[in-house]
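As provided, protein-v6.txt (compact mmCIF, C-alpha atoms) reads as follows.
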# COMPACT_ATOMS: atom_id res chain seq x y z
CA MET M 95 0.00 0.00 0.00
CA ALA M 96 1.32 3.43 -0.93
CA LYS M 97 2.20 5.83 1.87
CA ILE M 98 0.05 8.93 1.35
CA ARG M 99 0.42 12.21 3.22
CA ILE M 100 -1.94 15.12 2.59
CA PHE M 101 -0.93 18.67 3.54
CA SER M 102 -4.15 20.65 3.91
CA THR M 103 -6.03 23.37 5.77
CA PRO M 104 -9.37 22.83 7.52
CA ALA M 105 -11.67 24.83 5.22
CA CYS M 106 -10.30 24.10 1.75
CA PRO M 107 -12.87 22.52 -0.59
CA TYR M 108 -10.32 20.83 -2.86
CA CYS M 109 -8.67 19.27 0.20
CA VAL M 110 -12.06 17.85 1.20
CA THR M 111 -12.71 16.58 -2.35
CA LEU M 112 -9.27 15.01 -2.52
CA LYS M 113 -9.74 13.17 0.78
CA GLU M 114 -13.19 12.01 -0.31
CA PHE M 115 -11.77 10.73 -3.58
CA LEU M 116 -9.10 8.70 -1.77
CA ARG M 117 -11.59 7.31 0.76
CA GLU M 118 -13.96 6.31 -2.05
CA ASN M 119 -11.09 4.34 -3.57
CA ASN M 120 -10.23 2.75 -0.20
CA PHE M 121 -6.92 4.47 0.42
CA SER M 122 -5.87 5.54 3.89
CA PHE M 123 -3.68 8.59 4.39
CA GLU M 124 -2.05 10.85 6.94
CA ASP M 125 -3.88 14.20 7.08
CA ILE M 126 -1.62 17.09 8.10
CA ASP M 127 -3.22 20.43 9.00
CA VAL M 128 -0.48 22.88 8.04
CA SER M 129 -2.34 25.83 9.58
CA GLN M 130 -1.58 24.30 13.00
CA ASP M 131 1.88 22.90 12.35
CA LYS M 132 4.66 25.25 11.27
CA ASN M 133 7.22 22.45 10.71
CA SER M 134 4.90 20.63 8.34
CA LEU M 135 4.08 23.90 6.56
CA ASP M 136 7.80 24.52 6.00
CA GLU M 137 8.22 20.93 4.81
CA MET M 138 5.32 21.32 2.38
CA ILE M 139 6.69 24.58 0.95
CA GLU M 140 10.19 23.14 0.59
CA LYS M 141 9.06 19.91 -1.08
CA SER M 142 6.44 21.40 -3.38
CA GLY M 143 7.76 24.92 -3.98
CA GLN M 144 4.15 25.83 -3.40
CA PHE M 145 2.36 28.23 -1.09
CA GLY M 146 -1.05 26.68 -1.52
CA VAL M 147 -3.02 23.60 -0.50
CA PRO M 148 -3.64 20.76 -1.02
CA VAL M 149 -0.28 19.10 -1.58
CA VAL M 150 -0.05 15.29 -1.63
CA ASP M 151 3.02 13.19 -0.99
CA ILE M 152 2.62 9.70 -2.47
CA ASP M 153 5.68 7.57 -1.62
CA GLY M 154 7.85 10.67 -1.93
CA GLN M 155 6.25 11.90 -5.17
CA ILE M 156 4.77 15.36 -4.74
CA VAL M 157 1.48 16.31 -6.40
CA VAL M 158 0.28 19.89 -6.16
CA GLY M 159 -3.46 20.55 -5.98
CA PHE M 160 -6.21 17.99 -6.57
CA ASN M 161 -4.65 16.71 -9.77
CA ARG M 162 -6.93 13.75 -10.20
CA GLU M 163 -5.24 12.33 -13.28
CA LYS M 164 -1.77 12.32 -11.73
CA ILE M 165 -2.99 10.94 -8.41
CA SER M 166 -4.97 8.18 -10.16
CA LYS M 167 -1.89 7.24 -12.14
CA LEU M 168 0.39 7.08 -9.09
CA LEU M 169 -2.13 4.96 -7.19
CA ASN M 170 -3.28 2.83 -10.14
CA ILE M 171 -6.89 3.95 -9.77
CA ASN M 172 -8.86 2.92 -12.83
CA GLU M 173 -12.19 4.57 -13.45
CA MET Y 817 -27.10 3.93 -21.38
CA THR Y 818 -29.20 7.09 -21.44
CA TYR Y 819 -29.85 9.14 -18.30
CA ASP Y 820 -33.07 11.10 -17.94
CA LEU Y 821 -31.07 14.04 -16.67
CA ILE Y 822 -27.47 15.15 -16.32
CA ILE Y 823 -26.71 18.00 -13.90
CA ILE Y 824 -23.44 19.80 -14.45
CA GLY Y 825 -22.17 21.43 -11.26
CA GLY Y 826 -22.24 20.65 -7.53
CA GLY Y 827 -22.92 24.02 -5.92
CA PRO Y 828 -26.24 24.94 -4.31
CA ALA Y 829 -28.05 25.07 -7.68
CA GLY Y 830 -26.75 21.70 -8.88
CA MET Y 831 -27.21 19.93 -5.54
CA THR Y 832 -30.77 21.23 -5.12
CA ALA Y 833 -31.58 20.18 -8.68
CA GLY Y 834 -30.16 16.75 -7.82
CA ILE Y 835 -32.30 16.42 -4.70
CA TYR Y 836 -35.45 17.33 -6.64
CA ALA Y 837 -34.60 15.15 -9.64
CA SER Y 838 -33.94 12.13 -7.46
CA ARG Y 839 -37.20 12.58 -5.55
CA LEU Y 840 -39.03 12.94 -8.87
CA GLY Y 841 -37.68 9.53 -9.82
CA LEU Y 842 -35.48 10.74 -12.66
CA LYS Y 843 -32.45 8.64 -13.50
CA THR Y 844 -29.89 11.34 -12.82
CA LEU Y 845 -26.13 11.82 -13.07
CA LEU Y 846 -24.48 14.83 -11.40
CA ILE Y 847 -21.01 15.76 -12.67
CA THR Y 848 -18.94 18.27 -10.71
CA LYS Y 849 -15.29 19.15 -10.11
CA SER Y 850 -16.03 19.59 -6.41
CA PHE Y 851 -19.03 19.84 -4.11
CA GLY Y 852 -20.16 23.12 -2.61
CA GLY Y 853 -19.10 25.54 -5.34
CA GLN Y 854 -18.40 29.05 -4.15
CA ILE Y 855 -20.07 28.57 -0.77
CA ALA Y 856 -17.47 26.01 0.27
CA LYS Y 857 -14.82 28.69 -0.21
CA LYS Y 858 -16.66 31.51 1.53
CA ALA Y 859 -14.36 33.49 3.84
CA VAL Y 860 -17.01 34.44 6.42
CA ASP Y 861 -19.99 32.61 7.88
CA ILE Y 862 -23.31 32.52 6.02
CA GLU Y 863 -26.07 34.33 7.92
CA ASN Y 864 -28.87 34.62 5.36
CA TYR Y 865 -29.78 31.03 4.50
CA PRO Y 866 -33.11 30.23 6.19
CA GLY Y 867 -32.87 27.63 8.90
CA PHE Y 868 -29.30 28.52 9.76
CA GLU Y 869 -28.71 31.69 11.74
CA LYS Y 870 -24.96 31.34 11.26
CA ILE Y 871 -23.11 28.54 9.52
CA SER Y 872 -19.74 28.22 7.80
CA GLY Y 873 -19.81 27.83 4.04
CA LEU Y 874 -18.03 24.50 4.16
CA LYS Y 875 -20.51 23.13 6.73
CA LEU Y 876 -23.55 24.22 4.73
CA ALA Y 877 -22.00 22.72 1.60
CA GLN Y 878 -21.37 19.44 3.43
CA LYS Y 879 -24.93 19.34 4.74
CA MET Y 880 -26.25 19.79 1.19
CA GLU Y 881 -23.86 17.14 -0.10
CA ASN Y 882 -24.91 14.67 2.60
CA HIS Y 883 -28.57 15.34 1.82
CA LEU Y 884 -27.96 14.78 -1.89
CA LYS Y 885 -25.97 11.58 -1.37
CA SER Y 886 -28.61 10.12 0.97
CA LEU Y 887 -30.82 9.89 -2.12
CA GLU Y 888 -30.81 7.72 -5.22
CA ILE Y 889 -28.47 9.65 -7.54
CA GLU Y 890 -25.22 8.96 -9.33
CA THR Y 891 -22.38 11.48 -8.89
CA LYS Y 892 -19.03 11.78 -10.65
CA ILE Y 893 -16.12 14.03 -9.74
CA ASP Y 894 -15.05 15.32 -13.14
CA GLU Y 895 -15.08 18.49 -15.20
CA THR Y 896 -17.28 19.07 -18.23
CA GLY Y 897 -15.49 19.90 -21.45
CA ARG Y 898 -18.32 20.14 -23.99
CA VAL Y 899 -22.05 19.56 -24.43
CA GLU Y 900 -23.43 18.49 -27.81
CA LYS Y 901 -27.03 18.33 -28.97
CA LYS Y 902 -28.04 14.95 -30.41
CA ALA Y 903 -31.29 13.77 -32.00
CA ASN Y 904 -32.48 12.11 -28.79
CA GLY Y 905 -30.87 14.34 -26.19
CA PHE Y 906 -27.47 15.64 -25.18
CA LEU Y 907 -23.99 14.19 -25.08
CA VAL Y 908 -21.77 15.50 -22.28
CA PHE Y 909 -18.01 15.13 -22.70
CA THR Y 910 -15.73 15.41 -19.66
CA LYS Y 911 -12.07 16.32 -19.20
CA ASN Y 912 -11.52 12.78 -17.89
CA LYS Y 913 -12.28 11.64 -21.48
CA LYS Y 914 -15.68 10.15 -20.69
CA SER Y 915 -19.01 10.88 -22.37
CA TYR Y 916 -22.52 10.52 -21.04
CA LEU Y 917 -25.89 10.70 -22.79
CA ALA Y 918 -29.04 12.26 -21.30
CA LYS Y 919 -32.48 13.34 -22.45
CA ALA Y 920 -32.19 16.64 -20.59
CA VAL Y 921 -29.36 18.67 -19.03
CA ILE Y 922 -29.22 21.26 -16.27
CA LEU Y 923 -26.21 23.56 -16.43
CA ALA Y 924 -25.26 24.64 -12.91
CA SER Y 925 -21.51 25.10 -13.08
CA GLY Y 926 -21.65 28.55 -11.49
CA ALA Y 927 -18.81 30.99 -11.86
CA ASP Y 928 -15.03 30.99 -11.50
CA PRO Y 929 -12.91 33.72 -9.91
CA ARG Y 930 -12.11 36.45 -12.42
CA PRO Y 931 -8.36 36.79 -12.94
CA LEU Y 932 -6.58 40.17 -12.83
CA GLU Y 933 -4.64 39.52 -16.02
CA VAL Y 934 -1.48 41.27 -14.87
CA PRO Y 935 2.13 40.09 -15.31
CA GLY Y 936 3.18 37.72 -12.53
CA GLU Y 937 -0.33 36.52 -11.70
CA LYS Y 938 -0.04 33.16 -13.47
CA GLU Y 939 3.63 32.64 -12.63
CA PHE Y 940 3.04 33.10 -8.90
CA LEU Y 941 -0.25 31.21 -8.65
CA GLY Y 942 0.22 28.96 -5.62
CA LYS Y 943 3.42 30.81 -4.84
CA GLY Y 944 1.77 33.71 -3.06
CA VAL Y 945 -1.14 34.39 -5.43
CA SER Y 946 -4.42 32.79 -4.36
CA TYR Y 947 -8.07 32.84 -5.40
CA CYS Y 948 -9.15 30.92 -2.29
CA SER Y 949 -8.52 32.75 0.95
CA VAL Y 950 -10.06 30.07 3.18
CA CYS Y 951 -7.78 27.46 1.59
CA ASP Y 952 -4.48 29.30 1.49
CA GLY Y 953 -5.05 32.14 3.98
CA PRO Y 954 -4.00 30.05 7.00
CA LEU Y 955 -0.54 29.65 5.41
CA PHE Y 956 0.15 33.38 5.75
CA LYS Y 957 0.49 33.56 9.53
CA ASP Y 958 2.22 36.81 10.56
CA LYS Y 959 2.87 37.71 6.92
CA VAL Y 960 1.99 40.83 4.94
CA VAL Y 961 -0.73 40.31 2.34
CA ALA Y 962 -2.67 42.31 -0.23
CA VAL Y 963 -6.32 41.81 -1.09
CA ILE Y 964 -7.15 43.02 -4.56
CA GLY Y 965 -10.75 44.27 -4.76
CA GLY Y 966 -12.66 46.57 -2.41
CA GLY Y 967 -16.09 44.96 -2.76
CA ASN Y 968 -17.76 42.68 -0.23
CA ALA Y 969 -15.73 39.66 -1.27
CA GLY Y 970 -12.52 41.61 -0.78
CA PHE Y 971 -13.54 42.83 2.66
CA GLU Y 972 -14.80 39.39 3.70
CA THR Y 973 -11.41 38.02 2.72
CA ALA Y 974 -9.70 40.77 4.73
CA ILE Y 975 -11.89 39.94 7.75
CA PHE Y 976 -10.85 36.30 7.47
CA LEU Y 977 -7.18 37.30 7.22
CA ILE Y 978 -7.24 39.67 10.22
CA LYS Y 979 -6.87 36.70 12.54
CA ILE Y 980 -3.90 35.36 10.60
CA ALA Y 981 -1.79 37.97 8.81
CA LYS Y 982 0.37 40.71 10.32
CA LYS Y 983 -0.77 43.40 7.91
CA ILE Y 984 -3.37 43.60 5.15
CA TYR Y 985 -3.52 46.04 2.27
CA ILE Y 986 -6.85 46.32 0.45
CA LEU Y 987 -6.50 47.73 -3.07
CA GLU Y 988 -9.54 49.19 -4.80
CA SER Y 989 -9.20 50.45 -8.34
CA GLY Y 990 -12.12 52.89 -8.05
CA PRO Y 991 -12.42 56.09 -6.01
CA GLU Y 992 -14.31 54.39 -3.18
CA VAL Y 993 -14.75 50.95 -1.64
CA LYS Y 994 -18.11 49.31 -2.26
CA ALA Y 995 -18.31 46.84 0.62
CA PHE Y 996 -21.10 46.98 3.19
CA GLU Y 997 -20.49 49.50 5.99
CA ALA Y 998 -20.51 46.70 8.59
CA ASN Y 999 -17.70 44.86 6.79
CA GLN Y 1000 -15.71 48.07 6.43
CA ASN Y 1001 -16.03 48.80 10.14
CA ILE Y 1002 -14.71 45.39 11.19
CA VAL Y 1003 -11.72 45.82 8.93
CA LYS Y 1004 -11.00 49.40 10.07
CA GLN Y 1005 -11.34 48.52 13.75
CA SER Y 1006 -8.81 45.70 13.45
CA GLY Y 1007 -6.01 48.25 13.11
CA LYS Y 1008 -4.25 45.79 10.81
CA ALA Y 1009 -5.60 46.91 7.45
CA GLU Y 1010 -4.73 49.74 5.14
CA ILE Y 1011 -7.27 50.60 2.44
CA ILE Y 1012 -5.83 52.11 -0.72
CA ILE Y 1013 -8.29 53.56 -3.25
CA ASN Y 1014 -7.64 54.49 -6.89
CA ALA Y 1015 -5.04 51.74 -6.93
CA VAL Y 1016 -4.76 49.73 -10.14
CA LEU Y 1017 -2.60 46.66 -9.80
CA LYS Y 1018 0.01 46.50 -12.54
CA GLU Y 1019 2.38 43.69 -11.67
CA ILE Y 1020 3.14 40.94 -9.18
CA GLU Y 1021 6.85 40.35 -8.55
CA GLY Y 1022 9.03 37.90 -6.69
CA ASN Y 1023 11.71 35.23 -6.94
CA LYS Y 1024 10.59 31.79 -5.80
CA PHE Y 1025 7.57 33.37 -4.11
CA VAL Y 1026 5.78 36.70 -4.30
CA ASN Y 1027 7.65 39.53 -2.58
CA SER Y 1028 6.03 42.70 -3.93
CA ILE Y 1029 3.27 44.26 -6.01
CA ILE Y 1030 3.32 47.36 -8.16
CA TYR Y 1031 0.24 49.50 -8.50
CA GLU Y 1032 -0.62 52.72 -10.28
CA ASP Y 1033 -2.18 55.56 -8.36
CA ARG Y 1034 -4.95 56.72 -10.67
CA GLU Y 1035 -4.94 60.24 -9.27
CA THR Y 1036 -1.27 60.97 -9.75
CA GLY Y 1037 -0.46 58.38 -12.42
CA GLY Y 1038 2.59 57.42 -10.38
CA LYS Y 1039 3.63 53.85 -9.66
CA LYS Y 1040 4.10 52.51 -6.17
CA GLU Y 1041 5.50 49.32 -4.74
CA LEU Y 1042 4.27 47.37 -1.72
CA LYS Y 1043 6.27 44.59 -0.08
CA VAL Y 1044 3.87 41.67 0.37
CA ASP Y 1045 4.11 37.89 0.78
CA GLY Y 1046 0.66 37.08 -0.51
CA VAL Y 1047 -1.90 38.40 -2.99
CA PHE Y 1048 -5.57 37.43 -2.68
CA VAL Y 1049 -7.59 38.15 -5.80
CA GLU Y 1050 -11.21 39.16 -5.17
CA VAL Y 1051 -12.31 41.07 -8.27
CA GLY Y 1052 -15.47 39.15 -8.97
CA TYR Y 1053 -16.50 36.09 -10.88
CA HIS Y 1054 -16.91 35.03 -14.48
CA PRO Y 1055 -19.66 32.55 -15.40
CA ALA Y 1056 -18.36 29.08 -16.29
CA THR Y 1057 -20.27 28.80 -19.56
CA SER Y 1058 -17.75 28.44 -22.38
CA TYR Y 1059 -18.50 24.71 -22.84
CA VAL Y 1060 -22.07 25.26 -24.12
CA LYS Y 1061 -21.38 27.81 -26.87
CA GLY Y 1062 -23.81 27.42 -29.74
CA LEU Y 1063 -26.59 25.88 -27.66
CA VAL Y 1064 -27.48 28.94 -25.61
CA ASP Y 1065 -27.62 32.73 -25.89
CA PHE Y 1066 -25.38 34.89 -23.70
CA ASN Y 1067 -25.73 38.44 -22.43
CA GLU Y 1068 -22.80 40.89 -22.45
CA ARG Y 1069 -21.41 39.31 -19.27
CA ASP Y 1070 -21.34 35.79 -20.77
CA GLU Y 1071 -24.32 34.80 -18.62
CA ILE Y 1072 -26.80 32.35 -20.11
CA VAL Y 1073 -30.19 33.73 -21.15
CA VAL Y 1074 -33.02 31.71 -19.60
CA GLU Y 1075 -36.76 31.88 -19.33
CA PHE Y 1076 -37.74 33.12 -15.86
CA GLU Y 1077 -40.21 30.44 -14.75
CA THR Y 1078 -38.43 27.35 -16.02
CA CYS Y 1079 -34.75 28.36 -16.30
CA GLN Y 1080 -34.87 26.83 -19.80
CA THR Y 1081 -32.34 28.11 -22.35
CA LYS Y 1082 -33.14 28.63 -26.03
CA THR Y 1083 -32.55 24.89 -26.54
CA ALA Y 1084 -35.45 22.71 -25.40
CA GLY Y 1085 -34.38 20.31 -22.67
CA LEU Y 1086 -31.35 22.40 -21.72
CA PHE Y 1087 -31.71 24.39 -18.50
CA ALA Y 1088 -29.39 26.78 -16.64
CA ALA Y 1089 -29.65 27.46 -12.91
CA GLY Y 1090 -27.63 29.59 -10.49
CA ASP Y 1091 -24.78 32.04 -10.97
CA LEU Y 1092 -24.18 31.21 -14.63
CA ASN Y 1093 -27.50 32.60 -15.81
CA ILE Y 1094 -28.72 36.17 -16.26
CA GLY Y 1095 -30.31 36.39 -12.80
CA PRO Y 1096 -28.90 39.55 -11.22
CA PHE Y 1097 -28.91 38.34 -7.61
CA LYS Y 1098 -26.11 35.86 -7.00
CA GLN Y 1099 -27.27 34.36 -3.73
CA ILE Y 1100 -27.14 30.83 -2.28
CA ILE Y 1101 -30.89 30.76 -1.80
CA THR Y 1102 -31.64 32.02 -5.32
CA ALA Y 1103 -29.25 29.46 -6.81
CA ALA Y 1104 -30.93 26.70 -4.80
CA GLY Y 1105 -34.37 27.99 -5.83
CA GLU Y 1106 -33.42 27.99 -9.48
CA GLY Y 1107 -32.03 24.47 -9.13
CA ALA Y 1108 -35.44 23.35 -7.88
CA LYS Y 1109 -37.26 25.17 -10.69
CA ALA Y 1110 -34.97 23.73 -13.34
CA ALA Y 1111 -35.40 20.17 -12.02
CA LEU Y 1112 -39.20 20.50 -11.96
CA ALA Y 1113 -39.19 22.03 -15.45
CA ALA Y 1114 -36.92 19.24 -16.71
CA TYR Y 1115 -39.35 16.71 -15.24
CA ASN Y 1116 -42.27 18.36 -17.10
CA TYR Y 1117 -40.22 18.45 -20.28
CA LEU Y 1118 -39.46 14.71 -20.02
CA GLN Y 1119 -43.09 13.86 -19.25
CA LYS Y 1120 -44.28 15.79 -22.30
CA LYS Y 1121 -41.65 14.19 -24.50
CA ALA Y 1122 -42.76 10.71 -23.41
CA GLU Y 1123 -46.40 11.36 -24.35

Translate this structure into structure tokens?
Amino acid sequence: MAKIRIFSTPACPYCVTLKEFLRENNFSFEDIDVSQDKNSLDEMIEKSGQFGVPVVDIDGQIVVGFNREKISKLLNINE
Amino acid sequence: MTYDLIIIGGGPAGMTAGIYASRLGLKTLLITKSFGGQIAKKAVDIENYPGFEKISGLKLAQKMENHLKSLEIETKIDETGRVEKKANGFLVFTKNKKSYLAKAVILASGADPRPLEVPGEKEFLGKGVSYCSVCDGPLFKDKVVAVIGGGNAGFETAIFLIKIAKKIYILESGPEVKAFEANQNIVKQSGKAEIIINAVLKEIEGNKFVNSIIYEDRETGGKKELKVDGVFVEVGYHPATSYVKGLVDFNERDEIVVEFETCQTKTAGLFAAGDLNIGPFKQIITAAGEGAKAALAAYNYLQKKAE
């Protein structure tokens, strides 16, 4: 099973959609609220070069935003 | 397979249409890129939706989504690329390279944030530039940010950011800000915000991330620079209607022309509800109301067609 980490904020609709999408496809993930955790925020910015959420780390591969196509590919989700 | 109805969009108009369509027994597919639409991204609580004295946008959106999904309806997270008229209905093509056939379609894809179209905006998107303050705002703790737009959306964004940022500039291109007095007062009383009128944004600059903006003072014509870490764009919305060109008429704002009672467009069986149509009042309750009207009208249309 792939190790999935989601960097998100509490009120971001695309973060919610992304998590729903993963749950619907039976993936579990670590959900990191970067608004409460400065170290994780710095890690997210460094790894993604991005000042926006969501960011997903799938086995070390960084995906910025809810990029459904890329995420599906990395996780072998066929629709 | 042919659906009775396809609903495009998962904001209040689309979700209400879905609830009605399901209860009317229509075989329905709802396609949306995310649930909740603009309300899920609202920077301040909603206080004018009957039944809820005060509720966050995301919560109200989730309640609607839960209601919808408790019913018999198919939903797909995808984005619509094109709608074509066929002899027996409509073919909807999505960006995920799928196509679906339905006898009737309700367009309810709402509106997208209007871009500024200045140099640096695209380059620094997600690197300081944001169209979603509730998403990205919390990342700007103790930073200096600019909100572009002095309307209600701009001030609501500023109110949200007061609790987070160190300093907030609000730039309004006109000679006065247009936000409600109450919103202006909250912002002014915070002591954290500086409102700059007659300020036309010209450029967003930075290295890896945004570090400044340049604006023109319309009174003097001079250019000024502000050191900021973030830029929140709140200059209004543009209806998401480009994928139905040819099937509907537009007004000068690219909003879809519909008949008042039924929300039907010039094409029979094709309806448009919510912020993408010509209705002047862009409210959650009006969008939901139009979703209901469009679903009922679609039901009547299908009944008549079957006769």

- Message: If the cut-off is 9 Å, can you tell me the residues of chain Y near chain M, counting only C-alpha atoms? I'd like them as a ChimeraX atom specification.
- Response: /Y:849-853,856-857,873-874,893-894,912,941-946,948-957,1024-1025

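Closest approach to Thr818 in chain Y among Y:Lys1082, Y:Lys843, Y:Lys913, Y:Lys1061 is made by Y:Lys843 (distances from all atoms listed in the file).
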
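When CA of Ile1013 in chain Y is paired with CA of Gly965 in chain Y, their separation reads 9.7 Å.
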
- Within 12 Å of Ala1122 in chain Y using only C-alpha atoms, minus same-chain residues under 5 positions, as a list in words: Asp820, Asn904, Lys919, Tyr1115, Asn1116 and Tyr1117 of chain Y

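Atom pair CA of Tyr836 in chain Y / CA of Met880 in chain Y: separated by 12.3 Å.
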
Leaving out Ile152 in chain M and any residue of its chain fewer than 2 positions from it, which residues lie within 9 Å of it when counting all atoms listed in the file, given as a PDB file with C-alpha atoms, keeping the file's coordinate frame?
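Okay, this is what ended up in part26.pdb:
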ATOM      1  CA  ALA M  96       1.320   3.430  -0.930  1.00  0.00           C
ATOM      2  CA  LYS M  97       2.200   5.830   1.870  1.00  0.00           C
ATOM      3  CA  ILE M  98       0.050   8.930   1.350  1.00  0.00           C
ATOM      4  CA  ARG M  99       0.420  12.210   3.220  1.00  0.00           C
ATOM      5  CA  ILE M 100      -1.940  15.120   2.590  1.00  0.00           C
ATOM      6  CA  VAL M 150      -0.050  15.290  -1.630  1.00  0.00           C
ATOM      7  CA  GLY M 154       7.850  10.670  -1.930  1.00  0.00           C
ATOM      8  CA  GLN M 155       6.250  11.900  -5.170  1.00  0.00           C
ATOM      9  CA  ILE M 156       4.770  15.360  -4.740  1.00  0.00           C
ATOM     10  CA  VAL M 157       1.480  16.310  -6.400  1.00  0.00           C
ATOM     11  CA  ILE M 165      -2.990  10.940  -8.410  1.00  0.00           C
ATOM     12  CA  LEU M 168       0.390   7.080  -9.090  1.00  0.00           C
ATOM     13  CA  LEU M 169      -2.130   4.960  -7.190  1.00  0.00           C
TER      14      LEU M 169
END
